[in-house]
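Asker: Let me give you the structure first, and then I'll get to my questions.
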Amino acid sequence: MGSNASIMLQQEDLQNICQQTGFTVKQVQRLYSRFKALDKRDCGYLTREDLQCIPEVNINPLGERLIDVIMDDYGEHNKINFKQFIFLLAKFRQGKFKSLITEYNTRESKLRFLFDMYDRNHDLKIDRSELLDVLKMMVGGNIHDDQIATIADHTIGELDKDGDRSITFEEFCKTLERIDADEKMSMKFLS
Amino acid sequence: MISIAALVLALAAMNCSLGVRSLYVRILGFIFDYATKIKNDKELSNESSDEPSTSTPNSSTSNLVERSSDDPIEMTSDTPLVSGSTKNDETKSNETNETSLETALDVQQKVSRGSSQSDIQFRLGDIMDYTRQGLEAIVDDEVTKRFSSAEEMAVWNLLTRTQQQHEYFSLRITALWFLGFCVRYFILFPFRLCLFILAILWMLCSAVFLKYFPGKNAKLRYGFYINIVLHRILSRVFSAIITYHNTEHRAKSGSICVANHTSPIDVIILSTDNSFSMIGQKHGGFFGMVQRTLSNTANHIWFERSEAKDRHMVAEKMREHIQVKDNLPILIFPEGTCINNTSVMMFKKGCFEITEAPIYPVAIKYDNRFGDAFWNSSKHDLFQYLILMMTSWAIVVDVYYLPPMTIKENENSVDFARRVKAVIAKQGGFVDLEWDGGLKRALPKEDFKQKEQRKFYEMLKTE
């Protein structure tokens, strides 16, 4: 018989998730199928390796960093289960017009996710070394380290208003004011 | 039982069909419709009791084959970096070292040359595109879904193995399923097993016959027909219903036939209409024995494991084979691995470098309703897979022969391979991907990430 008995989505769980995240039933079911497809060993959670196996994530310069953020901030001990997975994805629902805005997919939570991509020590500040790390990931060997350092210093210089040589979350949001972060960081979930 | 087997053998030999299989498939179609109707009614009544405002009833069962897209998200198209269009740009010729990647030396020179380096500005928001694309890829990507059975059938075909979103609905459906189970495992399966044994007997007898039959050309003269009959018997083992299109483009001797790969059964399917020489590594054990037996009826190209790495040697052997008149056409699956019949992945350029032989492309399209032919080798081994195939309802497949193609004057083999792939994808309605089928088991090379980094760098420069 089928081996699909291990993690079926319970009806009450489903309703709960829909209410809290704002996803429709069909959307949650699709995402659940996807989760199961990625969970090749059928153990009910995803690991770093499962996510790294996705070729498009693997060749993405920020792929590793993205997986770090997901695993460390939303999962635990290198495992992320479906609930954690879907609450993470709930952040990226569009917060406009027809889609509901819940506490998860506000503009601020999207920006906060981006901030976390830089800020790995969670001190609520992006300091020079954190910025350098991300820059190196993005440009690889195409720019000399000195050049990268210059660019980083330049960026911090421009944005740091309170002179602590690092960028706080407020300063971060301010610089992204004119960009429609909600639009750019949303995914259209089909149902 | 024996008389039926003999009947099948006779039919196979004469290439006639009693139409039993087509009738069987039509009946099955009706039964599936009925089952789906029951399911839909049940679903409707469930939905209406839960969410009266938002339920939308499924469209009626008239679309048996309509497969709704099961992508969870709509990919945004405004991102120039890692977007769908890169699939056409990136030449993912993994085998060679002729990548367009610059060495560290070149990069050094570029950095010292450019005076505009100091103008590069980095904005914190520049990570947005890559971040979102990464998330989108996690939710849905083009590659990983090609290596598992295609989901989402509009109609449930009463096999538990395809029963992902269809749960237990009603007593009637479960009863139908149970009946189906009994029919498949206790009636069809033993019968098919007998046919399989018959096929093996045929193969052995013909091998003996050809070995001792006088006359050097016996092998070439009779081998063709013996092969076809063998494969016709085998196709009946799987209840395969094959429809050929454009048979005027059947591959001829001295050419290379190229097809998309979904399962080991592909070979059987194609060989019921034409005989081929196969090419592959020499195995040991049971499969090795099969190879040696097959070699009695035709000239196949088997090479040693050590020779397999030597592409020139392989190409040489192929050329030799093509030059012998009366040798059968060579059958090759350039994807190198089984893909789930929704897309064609990168064609390895090896066989497209042999410019002496015309290429006859073939598109093989399976109809999943009656049995999913895709072999997911990480999930099932060959033996399990064959059992699964023999306990499916049937294998329904369309084979499209396509006009022969030869390499153009200024074309290199990679582009030629791509051209052939596009033709096959168009005919079979497949998604044409440049991704390498080897990604099933291996990670992409570092080069690709470096390429993305290069692109980003270029974009920064020009802002």
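We label chains A, B, ... in the order they appear in the structure tokens, count residues from 1 in each chain, and number ligands from 1 in the order shown.
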Return the neighbours of chain B among the residues of chain A, cut-off 8 Å, counting only C-alpha atoms, as a PyMOL selection string.
Answerer: chain A and resi 1-2+4+27+30-31+34+37+51+53-63+66+114+137-144+147+151-152+154-155+172+175-176+184-191
Asker: If you keep C-alpha atoms, can you produce a file of those selected residues as a tab-separated table (two decimals), in the first residue's frame?
Answerer:
```tsv
chain	number	residue	atom	x	y	z
A	1	MET	CA	0.00	0.00	0.00
A	2	GLY	CA	1.07	3.60	-0.16
A	4	ASN	CA	2.13	8.20	2.42
A	27	GLN	CA	-2.55	26.86	-1.34
A	30	ARG	CA	0.05	22.62	-2.75
A	31	LEU	CA	2.79	23.79	-0.44
A	34	ARG	CA	6.01	20.57	-2.34
A	37	ALA	CA	8.51	16.28	-2.55
A	51	LEU	CA	17.39	22.65	0.22
A	53	CYS	CA	19.89	19.99	-3.67
A	54	ILE	CA	17.63	22.37	-5.51
A	55	PRO	CA	19.81	23.41	-8.46
A	56	GLU	CA	18.36	26.89	-8.74
A	57	VAL	CA	19.09	27.55	-5.09
A	58	ASN	CA	22.53	26.02	-5.41
A	59	ILE	CA	23.66	28.35	-8.16
A	60	ASN	CA	22.13	31.40	-6.52
A	61	PRO	CA	24.97	33.49	-5.01
A	62	LEU	CA	22.87	34.06	-1.91
A	63	GLY	CA	21.59	30.49	-1.82
A	66	LEU	CA	19.22	32.10	2.46
A	114	LEU	CA	16.01	41.01	4.38
A	137	MET	CA	28.93	36.31	-1.81
A	138	MET	CA	27.30	38.46	-4.45
A	139	VAL	CA	30.33	39.36	-6.56
A	140	GLY	CA	32.62	36.44	-5.91
A	141	GLY	CA	36.04	36.74	-7.48
A	142	ASN	CA	35.09	39.57	-9.80
A	143	ILE	CA	36.16	42.34	-7.47
A	144	HIS	CA	39.31	42.59	-5.38
A	147	GLN	CA	37.63	47.21	-3.71
A	151	ILE	CA	32.39	49.77	-1.46
A	152	ALA	CA	31.27	48.52	1.95
A	154	HIS	CA	31.06	53.82	1.20
A	155	THR	CA	27.68	52.22	1.74
A	172	PHE	CA	17.82	50.03	6.83
A	175	THR	CA	16.96	53.51	2.74
A	176	LEU	CA	14.42	51.12	1.28
A	184	LYS	CA	9.43	42.99	-4.75
A	185	MET	CA	9.49	40.47	-1.94
A	186	SER	CA	6.10	38.91	-2.57
A	187	MET	CA	5.40	35.66	-4.26
A	188	LYS	CA	2.16	34.95	-6.02
A	189	PHE	CA	0.97	31.73	-4.53
A	190	LEU	CA	-1.35	29.97	-6.94
A	191	SER	CA	-4.26	28.06	-5.55
```
Asker: Tell me, which residues of segment 22-62 of chain A carry DSSP helix (DSSP H, G or I), written as a ChimeraX atom specification?
Answerer: /A:25-38,48-52,55-58
Asker: Give me a file of those residues, with N, CA, C and O atoms, as a tab-separated table (two decimals), in the first residue's frame.
Answerer:
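Just written: again-v2.tsv:
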```
chain	number	residue	atom	x	y	z
A	25	VAL	N	-7.03	26.97	1.59
A	25	VAL	CA	-6.81	25.54	1.79
A	25	VAL	C	-6.00	24.94	0.65
A	25	VAL	O	-5.04	24.20	0.86
A	26	LYS	N	-6.37	25.32	-0.56
A	26	LYS	CA	-5.67	24.76	-1.73
A	26	LYS	C	-4.20	25.16	-1.74
A	26	LYS	O	-3.33	24.37	-2.08
A	27	GLN	N	-3.94	26.40	-1.34
A	27	GLN	CA	-2.55	26.86	-1.34
A	27	GLN	C	-1.73	26.05	-0.34
A	27	GLN	O	-0.60	25.65	-0.61
A	28	VAL	N	-2.32	25.83	0.82
A	28	VAL	CA	-1.59	25.06	1.83
A	28	VAL	C	-1.35	23.65	1.33
A	28	VAL	O	-0.27	23.09	1.51
A	29	GLN	N	-2.34	23.08	0.66
A	29	GLN	CA	-2.17	21.71	0.17
A	29	GLN	C	-1.05	21.63	-0.87
A	29	GLN	O	-0.27	20.69	-0.88
A	30	ARG	N	-1.02	22.63	-1.76
A	30	ARG	CA	0.05	22.62	-2.75
A	30	ARG	C	1.42	22.72	-2.08
A	30	ARG	O	2.37	22.04	-2.46
A	31	LEU	N	1.51	23.62	-1.11
A	31	LEU	CA	2.79	23.79	-0.44
A	31	LEU	C	3.15	22.53	0.33
A	31	LEU	O	4.33	22.18	0.44
A	32	TYR	N	2.14	21.85	0.82
A	32	TYR	CA	2.40	20.61	1.53
A	32	TYR	C	2.94	19.55	0.58
A	32	TYR	O	3.88	18.82	0.90
A	33	SER	N	2.37	19.49	-0.63
A	33	SER	CA	2.90	18.56	-1.63
A	33	SER	C	4.36	18.87	-1.93
A	33	SER	O	5.18	17.98	-2.06
A	34	ARG	N	4.64	20.16	-2.04
A	34	ARG	CA	6.01	20.57	-2.34
A	34	ARG	C	6.94	20.17	-1.21
A	34	ARG	O	8.02	19.64	-1.44
A	35	PHE	N	6.48	20.39	0.00
A	35	PHE	CA	7.29	20.02	1.17
A	35	PHE	C	7.61	18.53	1.13
A	35	PHE	O	8.74	18.10	1.33
A	36	LYS	N	6.59	17.75	0.85
A	36	LYS	CA	6.81	16.30	0.81
A	36	LYS	C	7.75	15.91	-0.32
A	36	LYS	O	8.55	14.99	-0.18
A	37	ALA	N	7.64	16.61	-1.43
A	37	ALA	CA	8.51	16.28	-2.55
A	37	ALA	C	9.97	16.58	-2.20
A	37	ALA	O	10.87	15.84	-2.60
A	38	LEU	N	10.19	17.66	-1.46
A	38	LEU	CA	11.56	18.00	-1.07
A	38	LEU	C	12.07	17.07	0.02
A	38	LEU	O	13.27	16.83	0.13
A	48	ARG	N	19.31	21.19	5.68
A	48	ARG	CA	20.09	22.05	4.77
A	48	ARG	C	20.33	21.35	3.44
A	48	ARG	O	20.20	21.95	2.38
A	49	GLU	N	20.69	20.08	3.52
A	49	GLU	CA	21.05	19.36	2.31
A	49	GLU	C	19.87	19.26	1.36
A	49	GLU	O	20.02	19.36	0.15
A	50	ASP	N	18.67	19.04	1.92
A	50	ASP	CA	17.49	18.96	1.07
A	50	ASP	C	17.32	20.24	0.27
A	50	ASP	O	16.96	20.22	-0.90
A	51	LEU	N	17.56	21.38	0.92
A	51	LEU	CA	17.39	22.65	0.22
A	51	LEU	C	18.55	22.92	-0.73
A	51	LEU	O	18.37	23.49	-1.79
A	52	GLN	N	19.73	22.46	-0.35
A	52	GLN	CA	20.88	22.70	-1.22
A	52	GLN	C	20.80	21.91	-2.51
A	52	GLN	O	21.40	22.27	-3.51
A	55	PRO	N	18.78	22.77	-7.64
A	55	PRO	CA	19.81	23.41	-8.46
A	55	PRO	C	19.70	24.94	-8.50
A	55	PRO	O	20.70	25.64	-8.41
A	56	GLU	N	18.48	25.44	-8.62
A	56	GLU	CA	18.36	26.89	-8.74
A	56	GLU	C	18.76	27.61	-7.46
A	56	GLU	O	19.17	28.77	-7.50
A	57	VAL	N	18.63	26.94	-6.34
A	57	VAL	CA	19.09	27.55	-5.09
A	57	VAL	C	20.61	27.41	-5.00
A	57	VAL	O	21.30	28.30	-4.55
A	58	ASN	N	21.10	26.30	-5.49
A	58	ASN	CA	22.53	26.02	-5.41
A	58	ASN	C	23.35	27.03	-6.19
A	58	ASN	O	24.43	27.43	-5.76
```
Asker: Check the smallest atom-to-atom distance from each of B:Ile301, B:Gln384, B:Asp326, B:Asn260 to Pro361 of chain B using only C-alpha atoms, then report the winner.
Answerer: B:Asn260
Asker: Which value, in Å to one decimal, gives the distance between atom CA of Tyr400 of chain B and atom CA of Ala425 of chain B?
Answerer: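 Value for the atom CA of Tyr400 of chain B-atom CA of Ala425 of chain B distance: 11.1 Å.
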Asker: What gap, in Å, lies between atom CA of Gly22 of chain A and atom CA of Thr102 of chain A?
Answerer: 6.5 Å
Asker: Which polymer residues have any atom within 8 Å of an atom of Met345 of chain B, counting only C-alpha atoms, with same-chain residues fewer than 3 positions away left out, as a list in words?
Answerer: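 Skipping anything fewer than 3 positions along the chain leaves Glu335, Ile339, Asp432, Leu433, Glu434, Trp435, Asp436 and Gly437 of chain B.
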Asker: Generate a file of the selected residues that holds C-alpha atoms, formatted as a PDB file, in the first residue's frame.
Answerer:
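Output file out-v9.pdb is given in full below:
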```pdb
ATOM      1  CA  GLU B 335      19.698  12.812 -21.740  1.00  0.00           C
ATOM      2  CA  ILE B 339      13.189  12.022 -16.851  1.00  0.00           C
ATOM      3  CA  ASP B 432      12.479  22.330 -23.117  1.00  0.00           C
ATOM      4  CA  LEU B 433      15.056  22.684 -20.356  1.00  0.00           C
ATOM      5  CA  GLU B 434      18.779  23.250 -20.585  1.00  0.00           C
ATOM      6  CA  TRP B 435      19.390  21.774 -17.171  1.00  0.00           C
ATOM      7  CA  ASP B 436      21.470  18.640 -17.059  1.00  0.00           C
ATOM      8  CA  GLY B 437      19.714  15.404 -16.187  1.00  0.00           C
TER       9      GLY B 437
END
```
Asker: Tell me which of A:Phe92, A:Phe115, A:Tyr45, A:Phe23 sits closest to Ile167 of chain A, counting only C-alpha atoms.
Answerer: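 Of the candidates, the smallest distance to Ile167 of chain A is held by A:Phe115.
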Asker: Expressed in Å to a single decimal, how great is the separation between atom CA of Asp127 of chain A and atom CA of Arg165 of chain A?
Answerer: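 Atom CA of Asp127 of chain A sits 6.8 Å away from atom CA of Arg165 of chain A.
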Asker: Of the residues B:Phe347, B:Tyr401, B:Phe196, B:Phe374, which is the one nearest to Val362 of chain B, using only C-alpha atoms?
Answerer: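 The closest residue to Val362 of chain B is B:Tyr401.
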Asker: List the neighbours of Ile359 of chain B out to 6 Å using only C-alpha atoms; skip same-chain residues closer than 4 positions along the sequence, and give me the result as a PyMOL selection string.
Answerer: chain B and resi 256-257+404-405
